[in-house]
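Let me begin by presenting the structure, written as structure tokens, before commenting on it.
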Amino acid sequence: MSEFFYMGGYAWYVWMAYGAFALAIVIEVLALRARRRRAIELLRATAAADNAPRARLNPARST
Amino acid sequence: MVAPTDATQHDAYRIIFIHVPTAWMAMFLYLVMALWSALALGFQTRLSAMMAQAIAPTGAAMAFLALWTGAFWGRPTWGTYWAWDARMTSTLILLFLYLGVLALRNAIDDPRRADRACAVLSLTGAVNVPIIYFSVQWWNTLHQGSTISATAAPKMASMMLTGLLLMTFAVWFYCIAIVLGRVRTIILERERGTAWVAQAVTT
């Protein structure tokens with residue numbers, strides 16, 4: 001097992017590369033999840049404030 | 001499945017399993033982003049522009065990872081983390097193009113204007129992708145030529161190749177999943193104010 005992590009003496013290079021890869025994926029997934037939650041919360045708050053959700057047909061509003 | 005240790009590079013070569021897939025995806029995602037941008041410019045379709053918008057962050061991540069893993073592969077094999085080699089430099093430009101597209105979108109408040117500006121920048125930058133691809137043939141600098149091509153037998157052990165293809169498909173499907181997930185959120189953000197979005201989040 002420790003031989004696996006030792007990577008024949010190349011541990012620093014191999015694990016820095018794989019670590020960054022794993023970290024990037026975790027960050028991207030968590031960031032997207034947070035962004036989606038924020039968007040939905042904001043939309044719910046707006047819908048609640050409108051109280052009666054009337055159909056607004058013009059979608060061209062800023063992001 | 002365990003791929004064997006390389007005869008000359010020992011265990012350092014194992015970086016190939018993430019370096020090559022991320023580098024391929026960085027280039028491929030840019031072409032897809034440019035294609036959606038062209039459709040958005042040509043047909044004024046909002047969803048095409050949203051797809052291009054959703055691809056940019058993942059493309060930037062892939063370009064960064066290709067450079068990062070390349071640096072940590074280059075150090076033990078070539079003796080340096082970085083050199084102004086043709087392929088490395090053109091990949092760095094690719095990363096800056098992605099970052100430029102992201103910055104441009106943040107700088108423009110009106111999303112439709114941002115769509116057009118980002119589309120023009122994406123299409124202009126697309127010329128860089130063939131430069132990266134052919135850089136190892138056009139300039140004889142540090143980065144070696146490709147080991148795998150569609151026209152000749154691959155110059156590597158079959159177990160290594162299987163692992164590499166597996167990782168390529170894994171990264172490919174990850175990118176598809178995260179881009180589609182992001183475009184769903186972008187639709188919610190940009191189509192707020194429509195009745196269907198209000199219904200979708202309240203029911």
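Within each chain, counting starts at residue 1; across the structure tokens, chains are named A, B, ... in the order shown, with ligands numbered 1 upward in that order.
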
Using only C-alpha atoms, find each residue in chain B having at least one atom no more than 6 Å away from chain A; report its shortest atom-to-atom pair and that distance in Å (one decimal), rows by chain then rising number, as CSV.
residue,atom,partner,partner_atom,distance
B:Asp11,CA,A:Met7,CA,5.7
B:Ala12,CA,A:Tyr10,CA,5.7
B:Ile15,CA,A:Val14,CA,6.0
B:Thr69,CA,A:Ala17,CA,4.7
B:Phe72,CA,A:Tyr13,CA,5.0
B:Asp110,CA,A:Ser62,CA,5.9
B:Pro111,CA,A:Ser62,CA,6.0
B:Thr185,CA,A:Arg36,CA,5.3
B:Glu189,CA,A:Thr63,CA,5.6
B:Arg190,CA,A:Thr63,CA,4.6
B:Glu191,CA,A:Pro59,CA,5.5
B:Thr194,CA,A:Arg56,CA,5.3
B:Ala195,CA,A:Ala55,CA,4.6

**Message:** List the spatial neighbours of Pro57 (chain B) as a PyMOL selection string - criterion: any atom at most 9 Å away, only C-alpha atoms, same-chain residues fewer than 4 positions off excluded.
**Reply:** (chain A and resi 28) or (chain B and resi 53+61-62+98-99+102+179)

N, CA and C atoms of the current selection, written as a PDB file, in the first residue's frame:
ATOM      1  N   GLU A  28     -15.697  22.217  -8.767  1.00  0.00           N
ATOM      2  CA  GLU A  28     -16.642  22.558  -9.824  1.00  0.00           C
ATOM      3  C   GLU A  28     -18.039  22.043  -9.499  1.00  0.00           C
TER       4      GLU A  28
ATOM      5  N   GLN B  53     -22.075  29.636 -22.990  1.00  0.00           N
ATOM      6  CA  GLN B  53     -21.801  30.198 -21.663  1.00  0.00           C
ATOM      7  C   GLN B  53     -21.527  29.087 -20.647  1.00  0.00           C
ATOM      8  N   ALA B  61     -11.286  25.038 -16.844  1.00  0.00           N
ATOM      9  CA  ALA B  61     -10.764  24.076 -15.863  1.00  0.00           C
ATOM     10  C   ALA B  61      -9.925  23.007 -16.558  1.00  0.00           C
ATOM     11  N   MET B  62     -10.421  22.528 -17.708  1.00  0.00           N
ATOM     12  CA  MET B  62      -9.688  21.475 -18.432  1.00  0.00           C
ATOM     13  C   MET B  62      -8.358  22.010 -18.968  1.00  0.00           C
ATOM     14  N   TYR B  98     -10.278  31.166 -22.783  1.00  0.00           N
ATOM     15  CA  TYR B  98     -11.406  30.780 -21.927  1.00  0.00           C
ATOM     16  C   TYR B  98     -11.633  31.847 -20.851  1.00  0.00           C
ATOM     17  N   LEU B  99     -10.543  32.266 -20.188  1.00  0.00           N
ATOM     18  CA  LEU B  99     -10.674  33.256 -19.124  1.00  0.00           C
ATOM     19  C   LEU B  99     -11.169  34.587 -19.694  1.00  0.00           C
ATOM     20  N   LEU B 102     -14.868  34.356 -20.161  1.00  0.00           N
ATOM     21  CA  LEU B 102     -15.554  34.459 -18.860  1.00  0.00           C
ATOM     22  C   LEU B 102     -15.543  35.907 -18.363  1.00  0.00           C
ATOM     23  N   VAL B 179     -21.603  20.348 -17.878  1.00  0.00           N
ATOM     24  CA  VAL B 179     -22.031  21.426 -18.776  1.00  0.00           C
ATOM     25  C   VAL B 179     -23.558  21.449 -18.855  1.00  0.00           C
TER      26      VAL B 179
END

**Message:** Please compute the CA of Tyr133 (chain B)-CA of Leu41 (chain B) distance, one decimal, in Å.
**Reply:**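 A separation of 25.8 Å between them.
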
**Item:** Which of region 58-162 of chain B fall in helix (DSSP H, G or I), as a PyMOL selection string
**Value:** chain B and resi 58-78+86-107+111-125+128-138+158-162

For C-alpha atoms, I'd like the residues from the last selection saved as a PDB file, in the first residue's frame.
ATOM      1  CA  THR B  58     -15.393  23.702 -17.656  1.00  0.00           C
ATOM      2  CA  GLY B  59     -13.196  24.385 -20.666  1.00  0.00           C
ATOM      3  CA  ALA B  60     -11.072  26.744 -18.582  1.00  0.00           C
ATOM      4  CA  ALA B  61     -10.764  24.076 -15.863  1.00  0.00           C
ATOM      5  CA  MET B  62      -9.688  21.475 -18.432  1.00  0.00           C
ATOM      6  CA  ALA B  63      -7.109  23.808 -20.015  1.00  0.00           C
ATOM      7  CA  PHE B  64      -5.735  24.629 -16.567  1.00  0.00           C
ATOM      8  CA  LEU B  65      -5.543  20.933 -15.612  1.00  0.00           C
ATOM      9  CA  ALA B  66      -3.804  20.067 -18.893  1.00  0.00           C
ATOM     10  CA  LEU B  67      -1.136  22.699 -18.147  1.00  0.00           C
ATOM     11  CA  TRP B  68      -0.884  21.788 -14.463  1.00  0.00           C
ATOM     12  CA  THR B  69      -0.554  18.035 -14.989  1.00  0.00           C
ATOM     13  CA  GLY B  70       1.799  18.739 -17.908  1.00  0.00           C
ATOM     14  CA  ALA B  71       4.027  20.788 -15.616  1.00  0.00           C
ATOM     15  CA  PHE B  72       4.196  17.990 -13.035  1.00  0.00           C
ATOM     16  CA  TRP B  73       4.929  15.523 -15.791  1.00  0.00           C
ATOM     17  CA  GLY B  74       7.509  17.725 -17.467  1.00  0.00           C
ATOM     18  CA  ARG B  75       9.527  18.275 -14.305  1.00  0.00           C
ATOM     19  CA  PRO B  76      10.629  14.624 -13.789  1.00  0.00           C
ATOM     20  CA  THR B  77      10.867  13.752 -17.498  1.00  0.00           C
ATOM     21  CA  TRP B  78      12.095  16.946 -19.213  1.00  0.00           C
ATOM     22  CA  ALA B  86       4.999  25.763 -28.996  1.00  0.00           C
ATOM     23  CA  ARG B  87       2.361  23.405 -27.621  1.00  0.00           C
ATOM     24  CA  MET B  88       2.583  24.680 -24.040  1.00  0.00           C
ATOM     25  CA  THR B  89       2.419  28.311 -25.147  1.00  0.00           C
ATOM     26  CA  SER B  90      -0.562  27.717 -27.445  1.00  0.00           C
ATOM     27  CA  THR B  91      -2.352  25.800 -24.669  1.00  0.00           C
ATOM     28  CA  LEU B  92      -1.670  28.696 -22.295  1.00  0.00           C
ATOM     29  CA  ILE B  93      -3.260  30.995 -24.892  1.00  0.00           C
ATOM     30  CA  LEU B  94      -6.246  28.610 -24.946  1.00  0.00           C
ATOM     31  CA  LEU B  95      -6.601  29.019 -21.160  1.00  0.00           C
ATOM     32  CA  PHE B  96      -6.421  32.809 -21.540  1.00  0.00           C
ATOM     33  CA  LEU B  97      -9.082  32.675 -24.270  1.00  0.00           C
ATOM     34  CA  TYR B  98     -11.406  30.780 -21.927  1.00  0.00           C
ATOM     35  CA  LEU B  99     -10.674  33.256 -19.124  1.00  0.00           C
ATOM     36  CA  GLY B 100     -11.175  36.136 -21.568  1.00  0.00           C
ATOM     37  CA  VAL B 101     -14.607  34.814 -22.555  1.00  0.00           C
ATOM     38  CA  LEU B 102     -15.554  34.459 -18.860  1.00  0.00           C
ATOM     39  CA  ALA B 103     -14.281  37.962 -18.025  1.00  0.00           C
ATOM     40  CA  LEU B 104     -16.028  39.494 -21.027  1.00  0.00           C
ATOM     41  CA  ARG B 105     -19.353  38.002 -19.961  1.00  0.00           C
ATOM     42  CA  ASN B 106     -18.915  39.342 -16.439  1.00  0.00           C
ATOM     43  CA  ALA B 107     -18.061  42.786 -17.788  1.00  0.00           C
ATOM     44  CA  PRO B 111     -26.862  39.181 -21.429  1.00  0.00           C
ATOM     45  CA  ARG B 112     -27.800  39.413 -25.111  1.00  0.00           C
ATOM     46  CA  ARG B 113     -24.950  41.832 -25.790  1.00  0.00           C
ATOM     47  CA  ALA B 114     -22.625  39.618 -23.732  1.00  0.00           C
ATOM     48  CA  ASP B 115     -23.733  36.643 -25.871  1.00  0.00           C
ATOM     49  CA  ARG B 116     -22.707  38.405 -29.061  1.00  0.00           C
ATOM     50  CA  ALA B 117     -19.400  39.726 -27.703  1.00  0.00           C
ATOM     51  CA  CYS B 118     -18.436  36.323 -26.267  1.00  0.00           C
ATOM     52  CA  ALA B 119     -19.461  34.594 -29.504  1.00  0.00           C
ATOM     53  CA  VAL B 120     -17.205  36.864 -31.573  1.00  0.00           C
ATOM     54  CA  LEU B 121     -14.291  36.328 -29.171  1.00  0.00           C
ATOM     55  CA  SER B 122     -14.864  32.535 -29.119  1.00  0.00           C
ATOM     56  CA  LEU B 123     -14.948  32.323 -32.906  1.00  0.00           C
ATOM     57  CA  THR B 124     -11.833  34.469 -33.296  1.00  0.00           C
ATOM     58  CA  GLY B 125      -9.967  32.336 -30.778  1.00  0.00           C
ATOM     59  CA  ASN B 128      -5.805  28.657 -31.899  1.00  0.00           C
ATOM     60  CA  VAL B 129      -7.148  25.085 -31.655  1.00  0.00           C
ATOM     61  CA  PRO B 130      -5.608  23.793 -34.921  1.00  0.00           C
ATOM     62  CA  ILE B 131      -2.417  25.612 -33.931  1.00  0.00           C
ATOM     63  CA  ILE B 132      -2.290  23.575 -30.692  1.00  0.00           C
ATOM     64  CA  TYR B 133      -3.151  20.402 -32.527  1.00  0.00           C
ATOM     65  CA  PHE B 134      -0.462  20.745 -35.206  1.00  0.00           C
ATOM     66  CA  SER B 135       2.068  22.560 -32.993  1.00  0.00           C
ATOM     67  CA  VAL B 136       4.131  19.395 -32.428  1.00  0.00           C
ATOM     68  CA  GLN B 137       4.472  18.953 -36.191  1.00  0.00           C
ATOM     69  CA  TRP B 138       4.988  22.586 -37.184  1.00  0.00           C
ATOM     70  CA  SER B 158      -2.384  -2.118 -24.940  1.00  0.00           C
ATOM     71  CA  MET B 159      -3.056  -2.073 -21.184  1.00  0.00           C
ATOM     72  CA  MET B 160      -1.906   1.560 -21.008  1.00  0.00           C
ATOM     73  CA  LEU B 161      -4.020   2.411 -24.040  1.00  0.00           C
ATOM     74  CA  THR B 162      -7.115   0.784 -22.517  1.00  0.00           C
TER      75      THR B 162
END

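The closest residue to Leu165 (chain B), picked from B:Ala34, B:Ile16, B:Ala126, B:Ala40 and counting only C-alpha atoms, is B:Ile16.
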
**Message:** If I take CA of Gln199 (chain B) and CA of Ser37 (chain B), how far is one from the other in Å, to one decimal?
**Reply:** 29.6 Å

**Message:** Just to confirm, what's the straight-line distance from CA of Leu166 (chain B) to CA of Ala31 (chain A) in Å (one decimal)?
**Reply:**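 Atom-to-atom, CA of Leu166 (chain B) to CA of Ala31 (chain A), that is 26.1 Å.
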
**Request:** Considering only C-alpha atoms, return as a PyMOL selection string whatever protein or nucleic-acid residues lie within 8 Å of Met33 (chain B), sequence-local ones (same chain, fewer than 3 positions apart) excluded.
**Result:** chain B and resi 29-30+36-37+51-53+55-56+122
